[in-house]
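Here's the structure we're looking at; comments come further down.
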Amino acid sequence: MQNDNGVSPATKKNNKAEMWLMSHTSYFKPEHLHVLKERLSRMPEESVDMLMMIELKNPTTILLFSIFLGEIGVDRFMLGDTGMGVAKLLTLGGCLVWWFIDIFLVGGRTKVKNFETVMQTLNLS
């Protein structure tokens with residue numbers, strides 16, 4: 001069945017999901033994009049609309065917080081790793097060793113956290 005514009009609801013849903021995914025590709029690891037695309041193609045339109053409400057973390061923003069405030073654990077708190085954030089805060093970033101290592105790992109960790117958030121949201125719908 002088609003609407004007034006000659007576009008079927010399924011095509012409209014797929015276009016919306018693909019547009020969302022294309023605008024958020026930098027928020028996920030490349031291997032996660034294929035899984036997300038497959039999952040989104042099978043979702044009902046209401047679930048695709050839920051994507052617009054998900055709050056994803058920008059890996060670049062988290063990296064900047066890690067560089068400038070990572071020694072006191074702000075990057076970990078922003079990602080929801082409260083225990084590690086407290087540990088970094090109390091040890092001054094593990095005597096700055098933890099802080100230095102996290103600068104290189106925080107981007108990938110942010111992308112994995114974003115993927116987990118989207119998958120959890122899609123599983124709930």
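Chains: A, B, ... in order of the structure tokens. Residues: from 1 per chain. Ligands: from 1, in order shown.
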Helix (DSSP H, G or I) per DSSP on the backbone: members of segment 7-90 of chain A, as a PyMOL selection string: chain A and resi 9-23+25-27+30-41+45-53+59-72+74-78+82-90
Selection: 10 Å around segment 19-33 of chain A, only C-alpha atoms, excl. self and same-chain fewer than 4 positions, as an MDAnalysis selection string: chainID A and resid 13:15 37:40 48:49 51:52 56:60 107:116
Nearest residue to Leu79 of chain A from the set A:Thr117, A:Val97, A:Thr91, A:Ile54 (distances using only C-alpha atoms):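 Looking at the shortest contact to Leu79 of chain A, the residue is A:Thr117.
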Surrounding residues of segment 66-77 of chain A excluding itself and chain neighbours under 5 positions, 9 Å, only C-alpha atoms, as a PyMOL selection string: chain A and resi 61+82-100+102-103+106
Nearest-residue call for Met43 of chain A, choices A:Ala17, A:Leu63, A:Val118, A:Ile101, using only C-alpha atoms: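 Selected residue with least distance to Met43 of chain A: A:Ala17.
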Atom-to-atom span, atom CA of Lys16 of chain A and atom CA of Leu122 of chain A, Å: 15.1 Å
Between atom CA of Leu36 of chain A and atom CA of Glu55 of chain A, distance in Å (one decimal):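 Those two atoms sit 16.1 Å apart.
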